[in-house]
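Trainee: Input my_file_6.txt, format and content: compact mmCIF, C-alpha atoms.
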```txt
# COMPACT_ATOMS: atom_id res chain seq x y z
CA MET V 205 0.00 0.00 0.00
CA LEU V 206 2.75 2.41 1.08
CA LEU V 207 4.88 1.37 -1.90
CA ARG V 208 2.01 2.16 -4.28
CA GLU V 209 1.51 5.57 -2.67
CA PHE V 210 5.23 6.29 -2.85
CA GLY V 211 5.27 5.25 -6.52
CA LEU V 212 2.37 7.53 -7.31
CA SER V 213 4.07 10.43 -5.45
CA LEU V 214 7.27 9.81 -7.38
CA ALA V 215 5.37 9.80 -10.68
CA LEU V 216 3.75 13.10 -9.75
CA VAL V 217 7.15 14.60 -8.78
CA LEU V 218 8.58 13.52 -12.13
CA TYR V 219 5.56 14.97 -13.91
CA TYR V 220 6.00 18.27 -12.04
CA SER V 221 9.70 18.37 -12.83
CA MET V 222 9.22 17.64 -16.53
CA MET V 223 6.45 20.18 -16.86
CA SER V 224 8.38 22.78 -14.89
CA HIS V 225 11.53 22.21 -16.94
CA THR V 226 9.68 22.69 -20.23
CA LEU V 227 7.74 25.71 -19.11
CA PHE V 228 10.53 27.47 -17.19
CA LYS V 229 12.61 27.52 -20.34
CA LYS V 230 9.99 29.74 -21.94
CA ASN V 231 9.51 31.81 -18.77
CA HIS V 232 5.79 31.00 -18.73
CA TYR V 233 5.09 31.06 -15.02
CA THR V 234 1.48 32.06 -15.55
CA LEU V 235 0.79 29.26 -18.03
CA SER V 236 2.48 26.80 -15.71
CA GLY V 237 0.42 28.12 -12.76
CA VAL V 238 -2.87 27.89 -14.64
CA ILE V 239 -2.15 24.30 -15.75
CA LEU V 240 -1.19 23.31 -12.20
CA PHE V 241 -4.33 25.02 -10.85
CA THR V 242 -6.58 23.09 -13.28
CA ILE V 243 -4.93 19.75 -12.51
CA GLY V 244 -4.90 20.61 -8.79
CA VAL V 245 -8.65 21.28 -8.71
CA LEU V 246 -9.38 18.06 -10.63
CA VAL V 247 -7.09 15.93 -8.44
CA THR V 248 -8.45 17.45 -5.21
CA LEU V 249 -12.11 17.01 -6.14
CA LEU V 250 -11.71 13.51 -7.60
CA SER V 251 -9.57 12.20 -4.79
CA TYR V 252 -11.77 13.71 -2.05
CA PHE V 253 -15.22 12.83 -3.39
CA VAL V 254 -14.64 9.82 -5.68
CA ILE V 255 -11.42 7.98 -4.79
CA MET V 256 -11.55 9.13 -1.13
CA LEU V 257 -7.81 9.12 -0.64
CA THR V 258 -6.54 11.72 1.85
CA TRP V 259 -2.92 11.79 0.70
CA LEU V 260 -3.94 12.29 -2.93
CA THR V 261 -6.27 15.11 -1.90
CA ALA V 262 -3.31 16.63 -0.02
CA LEU V 263 -1.21 16.40 -3.18
CA GLY V 264 -3.99 18.25 -4.98
CA PHE V 265 -3.67 20.99 -2.35
CA CYS V 266 0.08 21.02 -2.98
CA MET V 267 -0.60 21.72 -6.64
CA LEU V 268 -3.03 24.50 -5.75
CA ILE V 269 -0.49 26.17 -3.42
CA LEU V 270 2.22 25.96 -6.10
CA SER V 271 -0.16 27.27 -8.75
CA PHE V 272 -0.98 30.36 -6.64
CA ILE V 273 2.73 31.02 -6.15
CA MET V 274 3.48 30.59 -9.86
CA ILE V 275 0.60 32.81 -10.97
CA ALA V 276 1.74 35.49 -8.49
CA LEU V 277 5.29 35.32 -9.85
CA GLY V 278 4.10 35.23 -13.45
CA MET V 279 2.23 38.49 -12.99
CA THR V 280 5.34 40.31 -11.77
CA ILE V 281 8.19 39.02 -13.93
CA SER V 282 8.85 40.78 -17.20
CA GLN V 283 7.82 38.73 -20.19
CA LEU V 284 10.40 40.39 -22.43
CA PRO V 285 12.55 37.55 -23.82
CA PRO V 286 16.21 37.61 -22.68
CA GLU V 287 17.30 37.66 -26.33
CA VAL V 288 15.64 41.07 -26.83
CA CYS V 289 17.40 42.44 -23.73
CA SER V 290 20.68 41.00 -25.01
CA ILE V 291 20.24 42.70 -28.40
CA LEU V 292 19.51 46.07 -26.79
CA MET V 293 22.44 45.79 -24.40
CA GLU V 294 24.91 44.64 -27.04
CA THR V 295 23.89 47.51 -29.33
CA SER V 296 24.35 50.16 -26.67
CA MET V 297 27.65 48.66 -25.44
CA ASP V 298 28.88 48.46 -29.03
CA ASN V 299 28.07 52.13 -29.65
CA MET V 300 29.75 53.11 -26.39
CA ALA V 301 32.84 51.05 -27.28
CA LYS V 302 33.02 52.75 -30.69
CA ILE V 303 33.02 56.22 -29.10
CA VAL V 304 35.70 55.27 -26.57
CA GLU V 305 37.81 53.47 -29.18
CA GLU V 306 37.56 56.36 -31.63
CA LEU V 307 38.85 58.78 -29.00
CA GLY V 308 41.64 56.38 -28.03
CA VAL V 309 40.81 56.69 -24.34
CA ARG V 310 42.13 54.01 -21.98
CA THR V 311 41.61 55.81 -18.67
CA LYS V 312 39.64 54.04 -15.94
CA ALA V 313 36.14 55.43 -15.56
CA ILE V 314 35.10 57.18 -12.38
CA TYR V 315 31.61 56.24 -11.31
CA LEU V 316 29.84 59.30 -10.01
CA PRO V 317 26.74 59.40 -7.79
CA SER V 318 23.65 61.21 -9.05
CA SER V 319 24.49 64.26 -6.92
CA LEU V 320 27.67 64.81 -9.00
CA ALA V 321 26.48 63.66 -12.41
CA GLY V 322 23.49 65.69 -13.45
CA GLY V 323 20.74 63.90 -11.57
CA LYS V 324 21.53 60.27 -12.39
CA PRO V 325 24.56 58.13 -11.57
CA GLN V 326 26.93 58.06 -14.52
CA ALA V 327 30.52 57.18 -15.36
CA LEU V 328 33.07 59.86 -16.17
CA ILE V 329 35.93 58.79 -18.42
CA PRO V 330 38.59 61.52 -18.19
CA LEU V 331 40.36 62.15 -21.48
CA GLN V 332 43.61 62.73 -19.57
CA SER V 333 45.03 59.83 -17.57
CA HIS V 334 46.58 61.91 -14.74
CA THR V 335 43.32 63.15 -13.35
CA THR V 336 42.28 64.00 -9.81
CA LEU V 337 38.71 64.68 -8.94
CA SER V 338 39.34 66.91 -5.97
CA SER V 339 38.00 69.87 -7.90
CA ILE V 340 34.47 68.50 -8.39
CA THR V 341 32.30 70.31 -5.92
CA HIS V 342 29.11 70.65 -7.93
CA SER V 343 27.04 68.50 -10.23
CA LEU V 344 28.43 68.05 -13.74
CA PRO V 345 26.24 69.08 -16.68
CA ALA V 346 24.27 66.20 -18.19
CA ARG V 347 26.22 66.20 -21.45
CA LEU V 348 28.32 63.63 -23.29
CA VAL V 349 31.45 65.79 -23.08
CA ALA V 350 31.66 67.38 -19.66
CA ARG V 351 34.20 69.71 -18.08
CA TYR V 352 34.91 68.59 -14.53
CA GLY V 353 37.69 70.93 -13.40
CA ALA V 354 39.24 74.36 -13.82
CA ASN V 355 42.14 73.22 -16.03
CA PRO V 356 41.68 73.21 -19.79
CA ASP V 357 42.46 69.47 -19.87
CA ASP V 358 39.81 68.59 -17.33
CA ILE V 359 37.38 67.19 -19.87
CA GLY V 360 35.79 63.79 -19.85
CA LEU V 361 33.04 61.66 -21.33
CA LEU V 362 30.00 61.38 -19.10
CA LEU V 363 28.28 58.12 -20.01
CA SER V 364 25.27 56.20 -18.80
CA THR V 365 26.25 52.64 -17.92
CA PRO V 366 24.29 49.41 -17.30
CA GLY V 367 24.39 50.40 -13.64
CA THR V 368 22.54 53.66 -14.36
CA ALA V 369 19.53 51.73 -15.64
CA ALA V 370 19.90 48.91 -13.10
CA LEU V 371 19.75 51.30 -10.15
CA ASN V 372 16.21 52.30 -11.19
CA LEU V 373 15.13 48.74 -10.42
CA LEU V 374 15.72 49.31 -6.72
CA SER V 375 12.75 50.71 -4.86
CA GLN V 376 14.89 53.09 -2.82
CA LYS V 377 18.40 54.47 -2.72
CA PRO V 378 20.72 51.90 -1.10
CA GLY V 379 21.96 52.74 2.40
CA PRO V 380 25.66 53.24 3.17
CA SER V 381 26.18 50.44 5.72
CA SER V 382 27.70 47.12 4.60
CA SER V 383 24.56 45.11 5.35
CA GLU V 384 22.31 47.57 3.49
CA LEU V 385 24.64 47.54 0.50
CA GLU V 386 24.91 43.75 0.46
CA SER V 387 21.14 43.51 0.64
CA ALA V 388 20.66 46.04 -2.19
CA LEU V 389 23.22 44.24 -4.38
CA SER V 390 21.57 40.87 -3.66
CA ILE V 391 18.10 42.19 -4.50
CA LEU V 392 19.47 43.63 -7.74
CA LEU V 393 21.84 40.90 -8.96
CA VAL V 394 20.22 37.79 -7.45
CA GLY V 395 16.52 38.61 -7.13
CA THR V 396 15.80 41.06 -9.93
CA LEU V 397 18.37 40.44 -12.66
CA GLY V 398 19.07 36.78 -11.74
CA VAL V 399 22.70 36.96 -12.84
CA ALA V 400 24.35 35.61 -9.69
CA ASP V 401 23.74 33.25 -6.79
CA LYS V 402 25.16 35.34 -3.95
CA VAL V 403 26.88 38.66 -3.35
CA ARG V 404 29.38 39.36 -0.57
CA LEU V 405 30.86 42.72 0.34
CA VAL V 406 34.31 42.96 1.92
CA ASN V 407 34.63 46.47 3.29
CA GLY V 408 37.99 48.16 3.76
CA GLN V 409 39.10 51.70 4.52
CA GLU V 410 39.60 53.07 1.02
CA LYS V 411 39.34 49.86 -0.97
CA VAL V 412 36.27 47.68 -1.17
CA SER V 413 35.86 44.22 -2.68
CA VAL V 414 32.69 42.60 -3.85
CA GLU V 415 32.49 38.86 -4.45
CA ILE V 416 29.83 37.63 -6.83
CA LEU V 417 29.22 33.89 -6.67
CA HIS V 418 28.31 32.03 -9.85
CA PRO V 419 27.89 34.98 -12.18
CA THR V 420 25.85 33.94 -15.20
CA MET V 421 25.99 37.07 -17.30
CA GLU V 422 27.64 36.54 -20.66
CA GLN V 423 30.45 39.03 -20.89
CA ARG V 424 32.00 39.65 -24.27
CA ALA V 425 35.33 41.43 -24.25
CA SER V 426 35.15 44.91 -25.71
CA TRP V 427 37.13 48.14 -25.69
CA CYS V 428 34.70 49.50 -23.12
CA ASP V 429 35.85 46.93 -20.54
CA VAL V 430 39.21 48.68 -20.17
CA CYS V 431 37.53 51.95 -19.17
CA LEU V 432 34.16 51.02 -17.71
CA GLY V 433 34.74 47.45 -16.55
CA LYS V 434 32.45 44.55 -17.39
CA PRO V 435 28.68 45.07 -17.00
CA LEU V 436 28.49 43.34 -13.61
CA ALA V 437 31.33 45.44 -12.21
CA SER V 438 29.72 48.53 -13.69
CA ILE V 439 26.41 47.78 -11.93
CA VAL V 440 28.13 47.21 -8.57
CA ALA V 441 30.25 50.36 -8.95
CA THR V 442 27.14 52.45 -9.65
CA VAL V 443 25.35 51.08 -6.58
CA LEU V 444 28.40 51.73 -4.36
CA ALA V 445 28.85 55.28 -5.71
CA GLU V 446 25.19 56.08 -5.13
CA ALA V 447 25.10 54.54 -1.66
CA TRP V 448 28.20 56.33 -0.38
CA ASN V 449 27.62 59.45 -2.48
CA ARG V 450 31.28 59.36 -3.51
CA PRO V 451 33.15 58.68 -6.76
CA ILE V 452 34.25 55.05 -7.23
CA THR V 453 36.79 53.48 -9.56
CA ILE V 454 37.06 49.82 -10.51
CA ILE V 455 40.61 48.67 -9.76
CA GLN V 456 40.52 45.00 -10.63
CA GLU V 457 38.18 42.24 -11.79
CA THR V 458 39.12 38.59 -11.38
CA TYR V 459 37.15 35.49 -12.32
CA MET V 460 38.19 32.35 -10.47
CA ASN V 461 36.32 29.20 -9.37
CA ASN V 462 32.95 30.53 -10.47
CA THR V 463 33.45 33.63 -8.37
CA CYS V 464 33.91 37.13 -9.68
CA THR V 465 35.87 39.37 -7.34
CA ILE V 466 35.82 43.08 -8.06
CA SER V 467 37.96 45.60 -6.20
CA PHE V 468 36.99 49.23 -6.01
CA GLU V 469 38.70 52.37 -4.85
CA VAL V 470 36.62 54.96 -3.07
CA ARG V 471 37.70 58.45 -4.11
CA ARG V 472 37.59 61.54 -1.97
CA MET G 189 15.15 33.55 -13.58
CA LYS G 190 17.34 31.06 -11.75
CA PHE G 191 16.42 32.48 -8.36
CA TYR G 192 12.67 32.07 -8.96
CA ASN G 193 13.12 28.54 -10.29
CA ARG G 194 15.09 27.63 -7.18
CA TYR G 195 12.33 29.08 -4.99
CA ILE G 196 9.58 27.14 -6.78
CA LEU G 197 11.59 23.90 -6.83
CA THR G 198 12.39 24.23 -3.10
CA THR G 199 8.72 24.76 -2.29
CA THR G 200 7.71 21.80 -4.49
CA ILE G 201 10.27 19.43 -2.95
CA VAL G 202 9.45 20.46 0.64
CA LEU G 203 5.68 20.09 0.11
CA LEU G 204 6.03 16.71 -1.57
CA LEU G 205 8.42 15.42 1.09
CA THR G 206 5.92 16.51 3.74
CA THR G 207 3.23 14.51 1.92
CA VAL G 208 5.42 11.40 1.79
CA ILE G 209 6.40 11.71 5.49
CA LEU G 210 2.83 12.33 6.69
CA THR G 211 1.50 9.50 4.52
CA ALA G 212 4.17 7.17 5.86
CA ALA G 213 3.20 8.23 9.40
CA GLY G 214 -0.34 7.11 8.65
CA ILE G 215 -1.99 10.52 9.02
CA ASN G 216 -5.47 10.39 7.58
CA ALA G 217 -6.98 13.82 8.30
CA LEU G 218 -6.73 16.41 5.55
CA HIS G 219 -6.08 19.42 7.80
CA TYR G 220 -2.95 17.72 9.20
CA TYR G 221 -1.56 17.96 5.67
CA VAL G 222 -2.81 21.42 4.75
CA ILE G 223 -1.60 23.23 7.89
CA PRO G 224 2.08 22.15 7.47
CA TYR G 225 1.87 23.01 3.73
CA ILE G 226 0.76 26.54 4.50
CA ILE G 227 3.36 27.07 7.24
CA GLU G 228 6.11 25.72 4.97
CA ALA G 229 5.05 27.85 2.01
CA ILE G 230 5.08 31.00 4.16
CA ILE G 231 8.46 30.18 5.75
CA ILE G 232 10.12 29.39 2.39
CA THR G 233 8.81 32.64 0.91
CA GLU G 234 10.26 34.59 3.84
CA CYS G 235 13.59 32.75 3.55
CA PHE G 236 14.00 33.79 -0.08
CA ALA G 237 14.51 37.42 0.86
CA HIS G 238 15.90 38.85 -2.37
CA PHE G 239 12.82 39.02 -4.54
CA ASN G 240 12.25 42.17 -6.51
CA ILE G 241 9.69 44.58 -5.08
CA LYS G 242 6.78 43.60 -7.34
CA ALA G 243 7.31 39.86 -6.77
CA ARG G 244 7.63 40.38 -3.02
CA ARG G 245 4.38 42.37 -2.97
CA SER G 246 2.37 39.77 -4.88
CA LEU G 247 3.84 36.88 -2.87
CA ASN G 248 2.88 38.73 0.30
CA MET G 249 -0.70 38.83 -1.03
CA VAL G 250 -0.58 35.07 -1.63
CA ASN G 251 0.82 34.58 1.90
CA ILE G 252 -2.06 36.62 3.33
CA VAL G 253 -4.52 34.28 1.56
CA PHE G 254 -2.62 31.26 2.94
CA LEU G 255 -2.64 32.80 6.41
CA GLY G 256 -6.42 33.30 6.11
CA ILE G 257 -6.91 29.62 5.23
CA PHE G 258 -4.59 28.64 8.09
CA LEU G 259 -6.55 30.74 10.61
CA LEU G 260 -9.81 29.32 9.27
CA LEU G 261 -8.59 25.76 9.80
CA ILE G 262 -7.31 26.57 13.29
CA SER G 263 -10.61 28.27 14.18
CA ALA G 264 -12.55 25.27 12.88
CA GLY G 265 -10.39 22.99 15.03
CA LEU G 266 -10.91 25.17 18.09
CA VAL G 267 -14.66 25.26 17.58
CA LYS G 268 -14.65 21.48 17.25
CA ILE G 269 -12.84 21.16 20.59
CA LEU G 270 -14.66 23.90 22.50
CA TYR G 271 -18.22 23.32 21.26
CA PRO G 272 -18.83 20.11 23.26
CA LEU G 273 -17.27 21.70 26.35
CA VAL G 274 -19.41 24.86 26.22
CA PHE G 275 -22.71 23.33 25.12
CA ARG G 276 -22.78 19.99 26.94
```
Have the structure of the file written as structure tokens, please.

Mentor:
Amino acid sequence: MLLREFGLSLALVLYYSMMSHTLFKKNHYTLSGVILFTIGVLVTLLSYFVIMLTWLTALGFCMLILSFIMIALGMTISQLPPEVCSILMETSMDNMAKIVEELGVRTKAIYLPSSLAGGKPQALIPLQSHTTLSSITHSLPARLVARYGANPDDIGLLLSTPGTAALNLLSQKPGPSSSELESALSILLVGTLGVADKVRLVNGQEKVSVEILHPTMEQRASWCDVCLGKPLASIVATVLAEAWNRPITIIQETYMNNTCTISFEVRR
Amino acid sequence: MKFYNRYILTTTIVLLLTTVILTAAGINALHYYVIPYIIEAIIITECFAHFNIKARRSLNMVNIVFLGIFLLLISAGLVKILYPLVFR
């Protein structure tokens, strides 16, 4: 009797898994939820009133609970296919790389908070390599080519980065403490964008490291990477700059054992 | 999407394991199955803390519905126990 029940449970688990696998691939949570709901109602009613098996009725309830969860998730997750997002991102990164390559700039970008970059967090790529940002006391104009200091050479490119758009996905500005930052980065990279499994912040005095476990974002090498860093690093740098309200520079990015470690320098 | 899949798969596995364990224990009352399901679903949702804001809001709504069903079942159980004591 118990063996038969176990066999039936196993068959149902396999059925769930197969159905989930097929439907998850297409990101059809709602469809999956509706199918589970229909089967759940049928199983619950049949097993309660006709077959009169308690455990099967309970499995029907399981299906109903899962269907509610899936429908709730399906209503909130964007249905835009990842391929479309990839096309849009590649196009914008390609255009950005062309501008940077054409100007022959290889200076590291300085990620500025919204208070210093015309209302939204952006990256400043100085055209001169020996730059100091001590002179920035007011917000830079929201232009592609921006003057950031009193010297004639103090000119840079003020660019929107993936982090600029990603920051809008957070409901509120991230707080400056380590736990608040780690939470904001986890919500963004793990919960919202789904490009990592875990985010850890190692806080130092002037240098900060962020460890991203199992990053899944495809990262093609481009000219932009030298200046702006890879998209993941760019997103983290923007969040840090906005949280601390200070300029941030990416020092190093290393990928080892499925972990991406990014080091940042906090500028005065 | 990986995070949401992991959440749904965790919930599925936990609920099904509960069914197997309770069935093996010979439990034959439906509310003994439903109450653990609801508690587990709520706990797992709270454990997966990094949902985006919209997902968190709609899952909270689902949890409120689950909590309502849970309270209903508990109330029904209480009435069943107290009724004979009060009106005997």

Trainee: With all atoms listed in the file considered, list every residue of chain V at most 6 Å from chain G, as a list in words.

Mentor: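 Close enough to count are Thr258, Ala276, Leu277, Thr280, Ile391, Gly395, Thr396 and Gly398 of chain V.
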
Trainee: With distances taken over all atoms listed in the file, which of V:Cys464, V:Leu397, V:Ala437, V:Leu260 is nearest to V:Pro419?

Mentor: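 Distance minimum relative to V:Pro419 lands on V:Cys464.
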
Trainee: As an exercise, work out the distance from atom CA of V:Val443 to atom CA of V:Ser333 in Å and give it to one decimal place.

Mentor: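 Pair atom CA of V:Val443 / atom CA of V:Ser333 returns 24.2 Å.
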
Trainee: Please measure the separation of atom CA of V:Leu292 and atom CA of V:Ile439, giving the value in Å to one decimal.

Mentor: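 Answer for the atom CA of V:Leu292 to atom CA of V:Ile439 separation: 16.5 Å.
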
Trainee: Which one of V:Gly278, V:Leu328, V:Phe272, V:Met293 sits closest to G:Ile252 if you count all atoms listed in the file?

Mentor: V:Phe272
